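**Student:** File name final31.tsv; file contents TSV, C-alpha atoms; full text below.
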chain	number	residue	atom	x	y	z
A	284	MET	CA	38.53	-8.42	-24.04
A	285	ALA	CA	34.76	-8.07	-24.09
A	286	ALA	CA	34.38	-11.51	-22.47
A	287	VAL	CA	36.91	-10.59	-19.77
A	288	ALA	CA	35.11	-7.31	-19.10
A	289	LEU	CA	31.76	-9.08	-18.77
A	290	GLY	CA	33.29	-11.61	-16.40
A	291	VAL	CA	34.67	-8.86	-14.16
A	292	VAL	CA	31.34	-7.03	-14.15
A	293	GLY	CA	29.49	-10.27	-13.36
A	294	ALA	CA	31.79	-11.14	-10.47
A	295	SER	CA	31.53	-7.61	-9.08
A	296	ALA	CA	27.74	-7.70	-9.29
A	297	VAL	CA	27.55	-11.04	-7.46
A	298	GLY	CA	29.85	-9.73	-4.74
A	299	LEU	CA	27.85	-6.53	-4.38
A	300	VAL	CA	24.50	-8.35	-4.16
A	301	ALA	CA	25.89	-10.84	-1.62
A	302	PHE	CA	27.19	-8.02	0.55
A	303	ASN	CA	23.94	-6.07	0.24
A	304	VAL	CA	21.86	-9.09	1.31
A	305	TRP	CA	24.13	-9.79	4.29
A	306	ASP	CA	24.25	-6.12	5.30
A	307	ALA	CA	20.50	-5.70	4.74
A	308	ALA	CA	19.58	-8.65	6.93
A	309	ASN	CA	21.51	-7.14	9.83
A	310	SER	CA	20.25	-3.60	9.23
A	311	LEU	CA	16.59	-4.59	8.83
A	312	ALA	CA	16.50	-6.85	11.89
A	313	ALA	CA	18.05	-4.27	14.21
A	314	ASN	CA	14.94	-2.07	14.49
A	315	ALA	CA	12.19	-4.54	13.56
A	316	VAL	CA	8.84	-4.61	15.38
A	317	VAL	CA	7.42	-7.88	16.68
A	318	ILE	CA	3.90	-8.77	15.46
A	319	GLY	CA	2.22	-12.20	15.56
A	320	LYS	CA	4.24	-15.19	14.40
A	321	ASP	CA	6.92	-15.47	11.74
A	322	LYS	CA	5.85	-16.99	8.42
A	323	PRO	CA	8.27	-19.79	7.36
A	324	LEU	CA	10.27	-19.21	4.19
A	325	PRO	CA	9.90	-21.56	1.21
A	326	PRO	CA	12.73	-24.11	0.91
A	327	SER	CA	13.99	-22.49	-2.31
A	328	LEU	CA	14.04	-19.01	-3.76
A	329	GLY	CA	10.65	-18.56	-5.40
A	330	ALA	CA	7.29	-16.94	-4.83
A	331	ILE	CA	6.13	-17.07	-1.22
A	332	GLU	CA	3.80	-19.95	-0.49
A	333	GLY	CA	0.19	-19.38	0.53
A	334	GLY	CA	-1.57	-16.07	0.97
A	335	VAL	CA	-0.13	-12.86	2.44
A	336	ASN	CA	-1.61	-10.04	4.51
A	337	LEU	CA	0.78	-7.07	4.53
A	338	LEU	CA	-0.13	-3.85	6.36
A	339	VAL	CA	1.47	-0.67	5.01
A	340	VAL	CA	1.30	2.49	7.13
A	341	GLY	CA	2.31	6.05	6.23
A	342	THR	CA	3.00	8.24	9.26
A	343	ASP	CA	2.99	12.00	9.82
A	344	SER	CA	6.20	12.41	11.82
A	345	CYS	CA	7.47	15.92	12.55
A	346	GLU	CA	11.01	14.71	13.21
A	347	GLY	CA	13.96	16.02	11.20
A	348	ALA	CA	13.36	16.78	7.53
A	349	ASN	CA	9.74	15.63	7.81
A	350	ALA	CA	8.79	18.81	9.68
A	351	SER	CA	9.24	21.06	6.64
A	352	LEU	CA	6.74	18.97	4.66
A	353	SER	CA	3.70	19.70	6.83
A	354	GLY	CA	1.96	22.91	7.79
A	355	ALA	CA	0.72	21.18	10.94
A	356	CYS	CA	4.31	20.59	12.06
A	357	GLN	CA	5.23	24.20	11.38
A	358	ASN	CA	2.18	25.38	13.32
A	359	GLY	CA	3.26	23.49	16.42
A	360	ASP	CA	1.11	20.34	16.10
A	361	THR	CA	3.96	17.95	16.88
A	362	ALA	CA	2.33	15.75	19.52
A	363	GLY	CA	3.02	12.15	18.59
A	364	GLU	CA	3.17	10.33	15.28
A	365	ARG	CA	-0.03	9.07	13.68
A	366	ASN	CA	-0.88	6.67	10.87
A	367	ASP	CA	-1.96	9.13	8.18
A	368	VAL	CA	-2.35	6.28	5.67
A	369	THR	CA	-3.29	2.67	6.49
A	370	MET	CA	-3.52	0.04	3.73
A	371	LEU	CA	-3.83	-3.74	3.79
A	372	VAL	CA	-2.20	-5.52	0.83
A	373	HIS	CA	-3.79	-8.96	0.47
A	374	ILE	CA	-2.05	-11.41	-1.88
A	375	SER	CA	-4.03	-14.59	-2.41
A	376	ASP	CA	-2.73	-18.11	-2.79
A	377	GLU	CA	-2.91	-19.62	-6.30
A	378	PRO	CA	-4.43	-18.33	-8.48
A	379	ARG	CA	-2.71	-15.10	-7.43
A	380	ARG	CA	-4.78	-11.98	-6.92
A	381	VAL	CA	-3.96	-8.70	-5.18
A	382	THR	CA	-6.43	-6.58	-3.22
A	383	VAL	CA	-5.38	-3.33	-1.53
A	384	VAL	CA	-7.82	-2.10	1.14
A	385	SER	CA	-7.46	1.52	2.29
A	386	PHE	CA	-8.79	2.42	5.74
A	387	PRO	CA	-9.86	6.05	6.34
A	388	ARG	CA	-7.62	7.63	8.97
A	389	ASP	CA	-10.59	9.35	10.68
A	390	MET	CA	-12.74	6.21	10.88
A	391	VAL	CA	-13.90	5.62	14.46
A	392	VAL	CA	-12.95	2.12	15.61
A	393	PRO	CA	-12.18	0.24	18.84
A	394	ILE	CA	-8.47	0.13	19.69
A	395	PRO	CA	-7.53	-3.03	21.59
A	396	SER	CA	-5.03	-3.32	24.42
A	397	CYS	CA	-1.61	-2.81	22.83
A	398	PRO	CA	1.87	-3.73	24.09
A	399	THR	CA	4.17	-0.92	25.22
A	400	GLU	CA	7.18	-0.24	23.01
A	401	ASP	CA	9.62	-1.84	25.46
A	402	GLY	CA	7.41	-4.90	25.95
A	403	SER	CA	7.15	-4.40	29.69
A	404	GLY	CA	3.38	-3.92	29.79
A	405	SER	CA	0.24	-3.00	27.88
A	406	TYR	CA	-1.82	0.08	27.10
A	407	SER	CA	-5.51	-0.03	27.99
A	408	ALA	CA	-8.10	-0.74	25.30
A	409	MET	CA	-10.31	2.08	24.00
A	410	SER	CA	-13.82	1.60	22.66
A	411	ALA	CA	-14.01	4.41	20.10
A	412	GLN	CA	-11.07	6.34	18.68
A	413	MET	CA	-10.03	7.55	15.24
A	414	LEU	CA	-7.91	4.94	13.51
A	415	ASN	CA	-4.93	7.29	13.20
A	416	ALA	CA	-4.64	7.37	17.01
A	417	SER	CA	-3.50	3.74	17.03
A	418	TYR	CA	0.06	4.47	15.87
A	419	GLN	CA	0.39	7.39	18.25
A	420	TYR	CA	-0.87	5.16	21.05
A	421	GLY	CA	1.27	2.05	20.53
A	422	GLY	CA	3.23	2.25	17.30
A	423	LEU	CA	3.09	-0.17	14.37
A	424	ALA	CA	2.17	-3.16	16.55
A	425	CYS	CA	-0.91	-1.33	17.83
A	426	THR	CA	-2.10	-0.39	14.34
A	427	VAL	CA	-1.68	-4.04	13.31
A	428	LEU	CA	-3.77	-5.24	16.26
A	429	THR	CA	-6.45	-2.62	15.53
A	430	ILE	CA	-6.82	-3.69	11.89
A	431	GLU	CA	-6.74	-7.39	12.80
A	432	GLU	CA	-9.67	-6.85	15.18
A	433	LEU	CA	-11.55	-4.86	12.54
A	434	ILE	CA	-11.17	-7.40	9.69
A	435	GLY	CA	-11.21	-10.58	11.78
A	436	ASP	CA	-8.01	-11.94	10.25
A	437	ASP	CA	-4.28	-12.12	11.01
A	438	ILE	CA	-1.69	-9.79	9.50
A	439	ASP	CA	1.57	-11.52	8.55
A	440	PHE	CA	3.80	-8.56	7.76
A	441	ALA	CA	3.79	-4.82	8.39
A	442	ALA	CA	5.77	-1.70	7.49
A	443	ALA	CA	5.54	1.99	8.40
A	444	ILE	CA	7.16	4.74	6.33
A	445	ARG	CA	7.62	8.45	7.05
A	446	TRP	CA	7.24	11.25	4.51
A	447	THR	CA	10.92	11.56	3.61
A	448	GLY	CA	11.03	7.79	3.10
A	449	VAL	CA	8.20	8.10	0.56
A	450	ILE	CA	10.12	10.83	-1.27
A	451	ASN	CA	13.29	8.77	-1.48
A	452	MET	CA	11.47	5.61	-2.64
A	453	SER	CA	9.59	7.64	-5.26
A	454	ASP	CA	12.89	9.03	-6.56
A	455	ALA	CA	14.28	5.49	-6.81
A	456	ILE	CA	11.27	4.37	-8.88
A	457	GLY	CA	11.75	7.29	-11.25
A	458	GLY	CA	8.32	8.89	-11.32
A	459	VAL	CA	4.69	7.81	-11.68
A	460	ASP	CA	2.16	9.14	-14.21
A	461	VAL	CA	-1.04	10.67	-12.80
A	462	CYS	CA	-4.02	12.35	-14.45
A	463	VAL	CA	-5.83	15.50	-13.32
A	464	ALA	CA	-9.22	16.31	-14.91
A	465	GLY	CA	-8.89	20.03	-14.18
A	466	ASP	CA	-6.54	22.49	-12.52
A	467	VAL	CA	-6.11	21.71	-8.81
A	468	ASN	CA	-4.49	23.72	-6.05
A	469	ASP	CA	-3.96	22.53	-2.49
A	470	PRO	CA	-2.60	25.31	-0.25
A	471	HIS	CA	-2.08	22.83	2.60
A	472	THR	CA	0.51	20.76	0.69
A	473	GLY	CA	1.59	23.52	-1.69
A	474	LEU	CA	0.85	21.33	-4.72
A	475	SER	CA	-0.68	22.90	-7.85
A	476	LEU	CA	-1.26	20.89	-11.02
A	477	THR	CA	-2.76	21.90	-14.35
A	478	ALA	CA	-5.27	19.69	-16.15
A	479	GLY	CA	-3.65	16.77	-17.92
A	480	THR	CA	-1.08	14.04	-17.25
A	481	HIS	CA	1.94	14.59	-15.03
A	482	THR	CA	4.91	12.41	-14.10
A	483	LEU	CA	5.47	12.91	-10.38
A	484	GLN	CA	8.33	11.88	-8.14
A	485	GLY	CA	10.02	13.11	-4.98
A	486	VAL	CA	8.24	15.84	-3.04
A	487	GLU	CA	5.55	16.26	-5.72
A	488	ALA	CA	4.66	12.57	-5.50
A	489	LEU	CA	4.36	12.77	-1.71
A	490	GLN	CA	2.18	15.87	-1.84
A	491	PHE	CA	-0.07	14.28	-4.47
A	492	LEU	CA	-0.58	11.33	-2.12
A	493	ARG	CA	-1.32	13.70	0.78
A	494	MET	CA	-3.55	16.11	-1.17
A	495	ARG	CA	-7.25	16.32	-0.30
A	496	HIS	CA	-8.08	20.05	-0.29
A	497	GLY	CA	-9.11	21.16	-3.77
A	498	ILE	CA	-10.16	17.70	-4.99
A	499	GLY	CA	-13.42	15.74	-4.75
A	500	ASP	CA	-15.34	16.63	-1.60
A	501	GLY	CA	-12.17	17.73	0.21
A	502	SER	CA	-12.28	14.73	2.55
A	503	ASP	CA	-9.90	11.90	3.38
A	504	LEU	CA	-12.19	9.64	1.33
A	505	GLY	CA	-11.40	11.66	-1.79
A	506	ARG	CA	-7.71	11.50	-0.96
A	507	ILE	CA	-7.85	7.70	-0.72
A	508	SER	CA	-9.08	7.40	-4.31
A	509	ASN	CA	-6.37	9.85	-5.37
A	510	GLN	CA	-3.81	7.54	-3.75
A	511	GLN	CA	-5.38	4.57	-5.53
A	512	GLN	CA	-4.93	6.28	-8.89
A	513	PHE	CA	-1.23	6.72	-8.04
A	514	MET	CA	-0.84	3.10	-6.88
A	515	SER	CA	-2.65	1.73	-9.92
A	516	SER	CA	-0.33	3.65	-12.23
A	517	LEU	CA	2.66	2.50	-10.16
A	518	VAL	CA	1.62	-1.17	-10.46
A	519	ARG	CA	1.38	-0.85	-14.24
A	520	LYS	CA	4.84	0.70	-14.34
A	521	LEU	CA	6.37	-2.00	-12.12
A	522	GLN	CA	4.89	-4.72	-14.36
A	523	SER	CA	6.30	-3.11	-17.49
A	524	ASP	CA	9.55	-4.12	-19.16
A	525	SER	CA	11.08	-0.75	-18.30
A	526	VAL	CA	11.26	-1.66	-14.60
A	527	LEU	CA	11.20	-5.44	-14.18
A	528	ALA	CA	13.80	-5.94	-16.91
A	529	ASN	CA	16.18	-3.33	-15.46
A	530	PRO	CA	18.45	-4.81	-12.76
A	531	THR	CA	19.92	-1.39	-12.02
A	532	VAL	CA	16.51	0.03	-11.08
A	533	LEU	CA	15.64	-3.02	-8.97
A	534	LEU	CA	18.95	-2.89	-7.10
A	535	ASN	CA	18.46	0.84	-6.58
A	536	LEU	CA	15.02	0.20	-5.07
A	537	ALA	CA	16.38	-2.42	-2.68
A	538	THR	CA	19.31	-0.25	-1.65
A	539	THR	CA	17.03	2.75	-1.09
A	540	ALA	CA	14.66	0.71	1.10
A	541	ILE	CA	17.56	-0.51	3.23
A	542	SER	CA	18.88	3.03	3.62
A	543	GLN	CA	15.46	4.26	4.77
A	544	VAL	CA	15.49	1.66	7.56
A	545	GLN	CA	18.96	2.78	8.59
A	546	LYS	CA	17.80	6.42	8.60
A	547	GLN	CA	14.72	5.46	10.68
A	548	GLN	CA	12.34	6.58	7.93
A	549	LEU	CA	11.07	3.02	7.41
A	550	VAL	CA	10.03	0.56	10.15
A	551	LEU	CA	9.46	-3.13	9.43
A	552	SER	CA	7.86	-5.93	11.37
A	553	GLN	CA	10.30	-8.62	12.45
A	554	SER	CA	8.48	-11.03	10.13
A	555	LEU	CA	9.28	-8.79	7.12
A	556	ALA	CA	12.89	-7.94	8.00
A	557	ASN	CA	14.38	-10.46	5.59
A	558	PRO	CA	15.58	-9.47	2.09
A	559	THR	CA	14.92	-12.96	0.68
A	560	LEU	CA	11.32	-12.85	1.87
A	561	MET	CA	10.83	-9.43	0.24
A	562	VAL	CA	11.90	-10.94	-3.07
A	563	GLN	CA	9.51	-13.87	-2.59
A	564	ILE	CA	6.57	-11.53	-1.95
A	565	ALA	CA	7.43	-9.52	-5.08
A	566	MET	CA	7.63	-12.69	-7.15
A	567	ALA	CA	4.13	-13.65	-6.05
A	568	VAL	CA	2.59	-10.51	-7.60
A	569	LYS	CA	4.64	-9.84	-10.71
A	570	ASP	CA	2.33	-11.75	-13.09
A	571	VAL	CA	-1.10	-10.90	-11.65
A	572	PRO	CA	-3.48	-9.60	-14.39
A	573	TYR	CA	-4.53	-5.97	-14.08
A	574	GLU	CA	-8.20	-6.89	-13.57
A	575	ASP	CA	-7.24	-8.95	-10.52
A	576	ILE	CA	-5.31	-6.09	-8.88
A	577	VAL	CA	-8.11	-4.30	-7.03
A	578	PHE	CA	-7.95	-1.15	-4.89
A	579	VAL	CA	-10.89	-0.59	-2.54
A	580	GLN	CA	-11.87	1.73	0.30
A	581	TYR	CA	-13.02	0.07	3.49
A	582	PRO	CA	-16.78	0.88	3.50
A	583	THR	CA	-17.86	3.65	5.84
A	584	ALA	CA	-20.79	5.95	6.56
A	585	TYR	CA	-20.93	9.30	8.30
A	586	SER	CA	-22.22	9.21	11.88
A	587	SER	CA	-23.78	12.26	13.51
A	588	GLY	CA	-22.81	10.86	16.88
A	589	TYR	CA	-19.10	11.14	16.08
A	590	SER	CA	-19.09	13.67	13.19
A	591	ARG	CA	-16.75	11.14	11.62
A	592	VAL	CA	-17.08	8.04	9.48
A	593	VAL	CA	-17.80	4.66	11.06
A	594	PRO	CA	-17.34	1.14	9.61
A	595	VAL	CA	-20.09	-0.47	7.54
A	596	THR	CA	-19.28	-3.99	8.67
A	597	GLU	CA	-21.99	-5.78	6.68
A	598	ALA	CA	-20.45	-4.67	3.39
A	599	ALA	CA	-16.91	-5.28	4.68
A	600	ASP	CA	-17.83	-8.86	5.62
A	601	VAL	CA	-18.66	-9.60	1.97
A	602	LEU	CA	-15.24	-8.31	0.91
A	603	PHE	CA	-13.18	-10.19	3.50
A	604	THR	CA	-15.15	-13.43	3.07
A	605	ALA	CA	-14.35	-13.30	-0.66
A	606	LEU	CA	-10.68	-12.69	0.12
A	607	ARG	CA	-10.50	-15.62	2.53
A	608	GLU	CA	-12.13	-17.87	-0.10
A	609	ASN	CA	-9.85	-16.50	-2.84
A	610	LYS	CA	-12.71	-15.40	-5.07
A	611	PRO	CA	-12.22	-12.86	-7.87
A	612	LEU	CA	-13.90	-9.51	-7.16
A	613	ALA	CA	-16.24	-7.30	-9.19
A	614	LEU	CA	-16.73	-3.66	-8.25
A	615	THR	CA	-20.29	-2.32	-8.40
A	616	GLY	CA	-19.79	1.00	-6.57
A	617	GLU	CA	-18.27	4.31	-7.59
A	618	ALA	CA	-14.52	4.79	-7.97
A	619	SER	CA	-14.47	7.00	-4.86
A	620	GLN	CA	-16.57	7.51	-1.75
A	621	GLY	CA	-15.25	11.08	-1.67
A	622	TYR	CA	-15.65	11.82	-5.40
A	623	GLY	CA	-11.88	12.24	-5.72
A	624	VAL	CA	-11.48	10.48	-9.08
A	625	GLU	CA	-13.46	9.43	-12.14
A	626	VAL	CA	-12.87	6.44	-14.41
A	627	THR	CA	-11.63	7.57	-17.82
A	628	GLY	CA	-10.85	4.35	-19.66
A	629	GLU	CA	-9.00	1.04	-19.74
A	630	ALA	CA	-5.27	0.58	-19.27
A	631	ALA	CA	-3.23	-1.00	-22.03
A	632	LYS	CA	-2.42	-4.61	-21.15
A	633	PRO	CA	1.23	-5.47	-20.52
A	634	THR	CA	3.11	-7.19	-23.32
A	635	PRO	CA	3.54	-10.99	-23.08
A	636	SER	CA	7.27	-10.50	-22.44
A	637	ALA	CA	6.50	-8.47	-19.32
A	638	THR	CA	4.03	-10.83	-17.66
A	639	ALA	CA	2.78	-14.34	-18.11
A	640	THR	CA	-0.88	-15.17	-18.64
A	641	PRO	CA	-1.90	-17.30	-15.66
A	642	ASP	CA	-4.64	-19.92	-15.70
A	643	PRO	CA	-7.71	-18.13	-14.23
A	644	THR	CA	-8.79	-21.28	-12.42
A	645	GLY	CA	-5.34	-22.64	-11.59
A	646	SER	CA	-6.59	-26.14	-12.48
A	647	ALA	CA	-7.09	-26.47	-16.24
A	648	ALA	CA	-5.82	-29.75	-17.70
A	649	PRO	CA	-3.52	-29.69	-20.75
A	650	GLY	CA	-5.51	-29.03	-23.90
A	651	GLU	CA	-8.57	-27.76	-22.03
A	652	THR	CA	-9.87	-24.21	-22.21
A	653	PRO	CA	-9.79	-22.68	-18.73
A	654	VAL	CA	-13.14	-21.50	-17.39
A	655	ALA	CA	-13.08	-18.15	-15.64
A	656	GLU	CA	-14.42	-18.13	-12.10
A	657	GLU	CA	-17.58	-16.20	-11.34
A	658	ARG	CA	-16.70	-12.93	-9.66
A	659	VAL	CA	-18.15	-11.85	-6.32
A	660	ASP	CA	-20.12	-8.61	-6.70
A	661	LEU	CA	-19.01	-6.30	-3.92
A	662	PRO	CA	-21.72	-4.12	-2.32
A	663	SER	CA	-22.03	-0.66	-3.83
A	664	ASP	CA	-20.91	0.75	-0.45
A	665	ILE	CA	-17.38	-0.34	-1.42
A	666	ALA	CA	-15.71	2.15	-3.74
A	667	GLY	CA	-12.58	1.44	-5.73
A	668	GLN	CA	-10.87	0.70	-9.01
A	669	THR	CA	-8.74	-1.99	-10.65
A	670	ALA	CA	-5.33	-1.63	-12.26
A	671	ALA	CA	-7.14	-2.32	-15.56
A	672	GLN	CA	-8.91	1.04	-15.24
A	673	THR	CA	-7.44	4.48	-15.74
A	674	THR	CA	-8.78	7.23	-13.50
A	675	CYS	CA	-8.36	10.98	-13.27
A	676	THR	CA	-8.38	13.25	-10.19
A	677	VAL	CA	-11.45	15.50	-10.07
A	678	PRO	CA	-11.07	19.11	-8.84
A	679	GLN	CA	-13.32	20.21	-6.00
A	680	ARG	CA	-16.46	21.89	-7.21
Will you turn the file into structure tokens for me?
**Tutor:**
Amino acid sequence: MAAVALGVVGASAVGLVAFNVWDAANSLAANAVVIGKDKPLPPSLGAIEGGVNLLVVGTDSCEGANASLSGACQNGDTAGERNDVTMLVHISDEPRRVTVVSFPRDMVVPIPSCPTEDGSGSYSAMSAQMLNASYQYGGLACTVLTIEELIGDDIDFAAAIRWTGVINMSDAIGGVDVCVAGDVNDPHTGLSLTAGTHTLQGVEALQFLRMRHGIGDGSDLGRISNQQQFMSSLVRKLQSDSVLANPTVLLNLATTAISQVQKQQLVLSQSLANPTLMVQIAMAVKDVPYEDIVFVQYPTAYSSGYSRVVPVTEAADVLFTALRENKPLALTGEASQGYGVEVTGEAAKPTPSATATPDPTGSAAPGETPVAEERVDLPSDIAGQTAAQTTCTVPQR
């Protein structure tokens, strides 16, 4: 009887996955945004070939349930939808490394000519605007073009998620552990946390990611490092046995993502609107060592001319040259440009059953001891942390 029961469950699971993949492909493609050229899929199901540049955008929509999550929406500031968070996820070719670059939303940058949403024409270029105007101006495609011009490289895939989408995805993950060095209170998001470690999900997770008042210097730069603490903890959780070895959780994540597209809380580029490709991207990062998962802030400096931050391109060039050459990175700067977090220690390494130990050089012959590559020292202008470090949010002083 047990064998029969397992057979029925197995057949049901295969049928459910097959239907989900078919249904997802149709749902995801329906509202996809066109950017650049499609990246060809590998001939078999496995990690995606070559490197990947994936742009992830979080927007501040005031539509529907999102309105109740922002004081700005409730105060009548509902003009347009902006990219509140903009992050580039760079996955290198072999040996695999992951670098997440966060771009300050108030950074003043040129915005190139962007296609209109219906594809019938183009918006005019602008020489100096805050980065978060790009989404309001021309949607996800415009933010992609803006970042491509800034970094001098192509972006393969892109996604934009609204606040309620973040809440639902956080619930599907089941909570992320964060550390707070002292009591913090942000009246703008309504989030108050006592000193210590907290497991956040749902609305609390979203508000932690949005919080900047009451931490660090109160700026968006401090908030970026707060987000990096959350992402670093999330990466460690996703690489643990508790998540990767749990098919129910993984299926729940996939189903939740599809539902957010259907509810218009998640927008994907046409190049990303393929469930198989999503799996291939995930497979490329599942075994990356913590020290090679690096979170950095795009380097900026305050400009009196704009009363905002502006790009420090000399330092950024060092970073993006190293990424193009697939060199391992070494951080020399502080954990945060906005003093939002402090490094408190080292994360426990995942167990061998959770992740493999890749060859650092990708070329060691059998029987030889692999020689670690020399890391590129990033300029001290570039703040950040690795997944190998634990950090704690610092209250505003």
**Student:** What is the distance, in Å and to one decimal place, between atom CA of Arg445 of chain A and atom CA of Val518 of chain A?
**Tutor:**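 A separation of 20.9 Å between them.
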**Student:** Hey, which of A:Gly333, A:Pro393, A:Gly457, A:Gly616 ends up closest to Leu428 of chain A? Count only C-alpha atoms.
**Tutor:**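 Result for the nearest residue to Leu428 of chain A: A:Pro393.
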**Student:** Quick one: residues within 10 Å of Cys397 of chain A, only C-alpha atoms, excluding same-chain residues fewer than 5 positions away - as number ranges by chain?
**Tutor:** A: 402, 404-408, 417, 420-422, 424-429
**Student:** For segment 486-499 of chain A, work out the shell of residues within 10 Å, counting all atoms listed in the file and skipping chain neighbours fewer than 2 positions away, then give it as number ranges by chain.
**Tutor:** A: 352-353, 367-368, 446-451, 453-454, 458-461, 463, 465-476, 482-484, 501-514, 619-625, 676-680
**Student:** Measuring atom to atom with all atoms listed in the file, identify which of A:Gly363, A:Glu400, A:Ile394, A:Asp376 is nearest to Gln419 of chain A.
**Tutor:** A:Gly363
**Student:** Dump as JSON, numbers by chain all residues having an atom at most 8 Å from (-5.7, -4.9, -15.4), computed in the file's coordinates with all atoms listed in the file.
**Tutor:** {"A": [572, 573, 574, 575, 576, 630, 632, 669, 670, 671, 672]}
**Student:** State, in Å with one decimal place, the distance from atom CA of Met390 of chain A to atom CA of Val659 of chain A.
**Tutor:**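 These atoms are spaced 25.5 Å apart.
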**Student:** Pick from A:Arg365, A:Arg591, A:Lys610, A:Arg658: nearest to Ala443 of chain A, with only C-alpha atoms counted?
**Tutor:** A:Arg365
**Student:** Would you kindly place all heavy atoms on segment 380-385 of chain A and return the model as a compact mmCIF listing (two decimals), keeping the file's coordinate frame?
**Tutor:**
# COMPACT_ATOMS: atom_id res chain seq x y z
N ARG A 380 -4.05 -13.23 -6.76
CA ARG A 380 -4.78 -11.98 -6.92
C ARG A 380 -4.28 -11.01 -5.87
O ARG A 380 -3.80 -11.43 -4.81
CB ARG A 380 -6.30 -12.20 -6.76
CG ARG A 380 -6.89 -13.19 -7.76
CD ARG A 380 -8.40 -13.33 -7.60
NE ARG A 380 -8.95 -14.22 -8.59
CZ ARG A 380 -9.19 -15.51 -8.41
NH1 ARG A 380 -8.95 -16.07 -7.22
NH2 ARG A 380 -9.68 -16.26 -9.38
N VAL A 381 -4.40 -9.73 -6.13
CA VAL A 381 -3.96 -8.70 -5.18
C VAL A 381 -5.11 -7.75 -4.90
O VAL A 381 -5.73 -7.22 -5.83
CB VAL A 381 -2.75 -7.90 -5.72
CG1 VAL A 381 -2.32 -6.84 -4.71
CG2 VAL A 381 -1.58 -8.83 -6.04
N THR A 382 -5.41 -7.54 -3.63
CA THR A 382 -6.43 -6.58 -3.22
C THR A 382 -5.82 -5.64 -2.19
O THR A 382 -5.25 -6.10 -1.19
CB THR A 382 -7.66 -7.28 -2.61
OG1 THR A 382 -8.14 -8.27 -3.51
CG2 THR A 382 -8.76 -6.27 -2.32
N VAL A 383 -5.91 -4.34 -2.45
CA VAL A 383 -5.38 -3.33 -1.53
C VAL A 383 -6.57 -2.61 -0.91
O VAL A 383 -7.36 -1.98 -1.62
CB VAL A 383 -4.46 -2.33 -2.26
CG1 VAL A 383 -3.91 -1.30 -1.27
CG2 VAL A 383 -3.32 -3.06 -2.96
N VAL A 384 -6.70 -2.72 0.42
CA VAL A 384 -7.82 -2.10 1.14
C VAL A 384 -7.30 -0.88 1.90
O VAL A 384 -6.41 -1.01 2.74
CB VAL A 384 -8.46 -3.09 2.13
CG1 VAL A 384 -9.69 -2.46 2.78
CG2 VAL A 384 -8.82 -4.40 1.44
N SER A 385 -7.84 0.29 1.59
CA SER A 385 -7.46 1.52 2.29
C SER A 385 -8.47 1.83 3.39
O SER A 385 -9.68 1.80 3.16
CB SER A 385 -7.42 2.70 1.31
OG SER A 385 -6.37 2.53 0.36
